[in-house]
$ cat coords11.tsv   # TSV, C-alpha atoms
chain	number	residue	atom	x	y	z
K	1	MET	CA	85.72	-42.55	-13.61
K	2	GLY	CA	85.80	-39.73	-16.18
K	3	ILE	CA	87.48	-39.79	-19.55
K	4	PHE	CA	90.28	-37.53	-18.26
K	5	SER	CA	91.25	-40.04	-15.56
K	6	VAL	CA	91.25	-42.89	-18.09
K	7	PHE	CA	93.61	-40.92	-20.34
K	8	THR	CA	95.83	-40.02	-17.38
K	9	LYS	CA	96.19	-43.70	-16.39
K	10	TYR	CA	97.26	-44.56	-19.96
K	11	ILE	CA	99.80	-41.75	-20.13
K	12	LYS	CA	101.35	-42.76	-16.79
K	13	ARG	CA	102.62	-45.91	-18.50
K	14	ASN	CA	104.73	-43.73	-20.81
K	15	PRO	CA	107.13	-41.56	-18.76
K	16	GLU	CA	108.26	-39.25	-21.60
K	17	TRP	CA	104.71	-38.27	-22.47
K	18	GLN	CA	103.74	-38.12	-18.79
K	19	ARG	CA	106.44	-35.47	-18.21
K	20	PHE	CA	105.19	-33.59	-21.28
K	21	VAL	CA	101.62	-33.47	-19.94
K	22	GLU	CA	102.66	-32.69	-16.36
K	23	GLY	CA	104.59	-29.65	-17.63
K	24	ALA	CA	101.32	-27.98	-18.65
K	25	PRO	CA	100.87	-24.54	-17.10
K	26	ASP	CA	97.21	-25.09	-16.12
K	27	GLY	CA	94.44	-27.67	-15.88
K	28	ARG	CA	92.81	-26.80	-19.22
K	29	THR	CA	96.10	-27.12	-21.09
K	30	LYS	CA	96.78	-30.39	-19.28
K	31	GLN	CA	93.42	-31.76	-20.49
K	32	VAL	CA	94.16	-30.74	-24.08
K	33	LEU	CA	97.67	-32.25	-23.95
K	34	THR	CA	96.28	-35.44	-22.42
K	35	TYR	CA	93.84	-35.77	-25.33
K	36	ILE	CA	96.61	-35.14	-27.89
K	37	VAL	CA	99.02	-37.61	-26.31
K	38	ASP	CA	96.42	-40.32	-25.75
K	39	SER	CA	94.61	-39.94	-29.08
K	40	PHE	CA	97.58	-39.33	-31.37
K	41	LEU	CA	101.12	-39.44	-30.04
K	42	ILE	CA	101.02	-42.70	-28.08
K	43	PRO	CA	98.82	-44.70	-30.50
K	44	ASP	CA	100.95	-43.60	-33.46
K	45	ASN	CA	104.17	-44.34	-31.57
K	46	ILE	CA	105.51	-40.82	-32.11
K	47	ASN	CA	109.10	-40.47	-30.92
K	48	PRO	CA	109.09	-37.90	-28.08
K	49	VAL	CA	112.60	-36.67	-28.93
K	50	SER	CA	111.79	-36.22	-32.64
K	51	PHE	CA	108.55	-34.49	-31.67
K	52	LYS	CA	110.39	-32.08	-29.36
K	53	ALA	CA	113.04	-31.41	-32.00
K	54	ASN	CA	110.42	-30.77	-34.68
K	55	TYR	CA	108.42	-28.54	-32.34
K	56	GLU	CA	111.47	-26.43	-31.49
K	57	ILE	CA	112.55	-26.20	-35.13
K	58	LEU	CA	109.02	-25.11	-36.03
K	59	ARG	CA	108.87	-22.60	-33.16
K	60	HIS	CA	112.18	-21.03	-34.25
K	61	ASN	CA	111.30	-21.11	-38.00
K	62	SER	CA	114.37	-23.16	-38.92
K	63	ARG	CA	116.80	-25.79	-37.70
K	64	LYS	CA	119.69	-23.30	-37.71
K	65	LEU	CA	117.82	-20.72	-35.64
K	66	TYR	CA	116.84	-23.40	-33.14
K	67	GLN	CA	120.48	-24.57	-32.91
K	68	SER	CA	121.59	-20.97	-32.30
K	69	HIS	CA	118.94	-20.47	-29.64
K	70	ALA	CA	119.84	-23.71	-27.86
K	71	SER	CA	123.52	-22.75	-27.87
K	72	LEU	CA	122.95	-19.18	-26.63
K	73	ALA	CA	120.46	-20.31	-23.97
K	74	ASN	CA	122.75	-23.16	-22.91
K	75	GLU	CA	119.90	-25.64	-23.52
K	76	PRO	CA	120.06	-29.13	-25.02
K	77	ASP	CA	120.01	-29.13	-28.83
K	78	PHE	CA	117.69	-31.83	-30.18
K	79	SER	CA	117.86	-30.58	-33.77
K	80	LYS	CA	119.63	-33.69	-35.08
K	81	GLN	CA	116.60	-35.76	-34.07
K	82	GLY	CA	114.26	-33.56	-36.12
K	83	THR	CA	112.79	-34.98	-39.31
K	84	GLN	CA	113.69	-33.84	-42.83
K	85	THR	CA	110.17	-32.74	-43.68
K	86	ILE	CA	109.94	-30.28	-40.79
K	87	ASP	CA	112.63	-28.13	-42.41
K	88	GLU	CA	110.28	-27.26	-45.27
K	89	LEU	CA	107.27	-26.60	-43.03
K	90	ALA	CA	109.23	-24.56	-40.46
K	91	LYS	CA	110.26	-21.83	-42.88
K	92	PHE	CA	108.72	-18.49	-41.99
K	93	GLY	CA	105.48	-18.07	-43.92
K	94	ASN	CA	105.45	-21.71	-44.99
K	95	GLN	CA	103.56	-23.17	-42.04
K	96	PRO	CA	100.27	-24.58	-43.31
K	97	LEU	CA	97.06	-22.93	-42.13
K	98	GLY	CA	94.53	-24.92	-40.18
K	99	TYR	CA	96.97	-27.19	-38.35
K	100	SER	CA	98.06	-26.82	-34.73
K	101	ASP	CA	101.80	-26.68	-34.08
K	102	TRP	CA	101.72	-29.99	-32.20
K	103	PHE	CA	100.26	-31.69	-35.29
K	104	ILE	CA	102.80	-30.13	-37.63
K	105	ALA	CA	105.61	-31.28	-35.31
K	106	ALA	CA	104.32	-34.85	-35.02
K	107	TYR	CA	103.08	-35.40	-38.58
K	108	PRO	CA	105.00	-33.18	-41.05
K	109	ASP	CA	105.09	-35.93	-43.67
K	110	VAL	CA	101.33	-36.44	-43.40
K	111	ILE	CA	100.73	-32.73	-43.96
K	112	ILE	CA	102.93	-32.64	-47.07
K	113	TRP	CA	101.14	-35.74	-48.39
K	114	PHE	CA	97.66	-34.33	-47.68
K	115	GLN	CA	98.50	-31.04	-49.41
K	116	ASP	CA	99.04	-33.03	-52.61
K	117	VAL	CA	95.84	-35.08	-52.28
K	118	LYS	CA	93.30	-34.24	-54.98
K	119	ASP	CA	89.95	-32.75	-53.91
K	120	GLU	CA	88.10	-35.96	-54.71
K	121	LYS	CA	90.38	-38.05	-52.48
K	122	ALA	CA	90.28	-35.40	-49.71
K	123	MET	CA	86.47	-35.57	-49.68
K	124	GLU	CA	86.67	-39.35	-49.52
K	125	ILE	CA	88.94	-39.07	-46.47
K	126	MET	CA	87.12	-36.26	-44.68
K	127	GLY	CA	83.56	-36.96	-45.74
K	128	ASN	CA	81.60	-33.91	-46.76
K	129	PRO	CA	81.45	-31.79	-43.60
K	130	SER	CA	80.80	-28.08	-43.56
K	131	GLU	CA	83.72	-25.78	-42.87
K	132	GLN	CA	82.33	-24.97	-39.42
K	133	ASN	CA	82.31	-28.68	-38.54
K	134	ILE	CA	85.95	-29.20	-39.55
K	135	PHE	CA	87.47	-26.26	-37.67
K	136	ASP	CA	87.46	-25.46	-33.96
K	137	GLU	CA	87.08	-22.00	-32.40
K	138	GLU	CA	90.78	-21.31	-33.07
K	139	HIS	CA	90.32	-22.15	-36.78
K	140	LYS	CA	92.36	-25.35	-36.46
K	141	ILE	CA	91.24	-28.71	-37.84
K	142	LYS	CA	89.43	-30.71	-35.17
K	143	GLY	CA	90.94	-33.90	-33.80
K	144	GLU	CA	88.43	-36.25	-35.40
K	145	TYR	CA	89.38	-34.97	-38.87
K	146	LEU	CA	93.10	-35.00	-38.09
K	147	ARG	CA	92.67	-38.65	-37.08
K	148	LYS	CA	91.03	-39.41	-40.45
K	149	ILE	CA	93.92	-37.77	-42.30
K	150	VAL	CA	96.58	-39.67	-40.32
K	151	ASP	CA	94.71	-42.97	-40.68
K	152	SER	CA	94.57	-42.48	-44.48
K	153	TYR	CA	98.33	-42.04	-44.73
K	154	LYS	CA	99.65	-45.43	-45.81
K	155	LYS	CA	103.39	-44.97	-45.23
K	156	ARG	CA	105.44	-45.29	-42.05
K	157	LEU	CA	105.21	-42.05	-40.07
K	158	GLU	CA	108.44	-40.10	-40.31
K	159	CYS	CA	108.33	-39.09	-36.63
K	160	SER	CA	107.50	-42.55	-35.23
K	161	LEU	CA	109.84	-44.75	-33.24
$ encode --input "coords11.tsv" --output "structure tokens"
Amino acid sequence: MGIFSVFTKYIKRNPEWQRFVEGAPDGRTKQVLTYIVDSFLIPDNINPVSFKANYEILRHNSRKLYQSHASLANEPDFSKQGTQTIDELAKFGNQPLGYSDWFIAAYPDVIIWFQDVKDEKAMEIMGNPSEQNIFDEEHKIKGEYLRKIVDSYKKRLECSL
């Protein structure tokens, strides 16, 4: 039994996240989403509705633009379930470099916190890896380092249930 099938069994116990993964357009995307859901969203008890709201707010660059889009497209508006912190990060030109959109949507409070962490503390959290070890081929922070950042955050996650 491969790691993908183990993840898939775990996700099947959570119908909201199962639907999220099953909506992937292809097998590669499904594998990536399975990793994200199993390694981050389920263990950290991320609220699927808040995640979706944050993701849409981020994708539209503001809560108001997302609300307008949802209204014009006759789609459900989840904006009220979005977190406060996402409003700051969603502004055009204000999205932090190095983070994938899914991470920004799920952990906006962690990102704001980590931006204020002093270099010394950041090195304590991340270790002392080279830049090429931290970033993937898309220049986004790799999952193992994202996990270290989230695990170092000592407050309740804003997007959790």
$ closest_residue --input "coords11.tsv" --among "K:Ser160, K:Ser62, K:Thr29, K:Ser68" --to "Ala90 of chain K" --atoms "all atoms listed in the file"
K:Ser62
$ residues_around --input "coords11.tsv" --residues "segment 43-54 of chain K" --least-positions-apart "6" --cutoff "10 Å" --atoms "all atoms listed in the file" --output "PyMOL selection string"
chain K and resi 16-17+20+37+60+62-63+66+77-87+89-90+101-108+150-151+156-161
$ closest_residue --input "coords11.tsv" --among "K:Ile36, K:Met123, K:Ile141, K:Ala24" --to "Tyr99 of chain K" --atoms "all atoms listed in the file"
K:Ile141
$ atom_distance --input "coords11.tsv" --atom1 "atom CA of Asp136 of chain K" --atom2 "atom CA of Glu124 of chain K"
20.9 Å
$ atom_distance --input "coords11.tsv" --atom1 "atom CA of Met126 of chain K" --atom2 "atom CA of Ile57 of chain K"
29.0 Å
$ atom_distance --input "coords11.tsv" --atom1 "atom CA of Tyr55 of chain K" --atom2 "atom CA of Pro25 of chain K"
17.5 Å
$ residues_around --input "coords11.tsv" --residues "Leu97 of chain K" --least-positions-apart "3" --cutoff "9 Å" --atoms "only C-alpha atoms" --output "ChimeraX atom specification"
/K:94,100,139-140
$ closest_residue --input "coords11.tsv" --among "K:Tyr35, K:Phe92, K:Tyr153, K:Phe40" --to "Ile111 of chain K" --atoms "only C-alpha atoms"
K:Tyr153
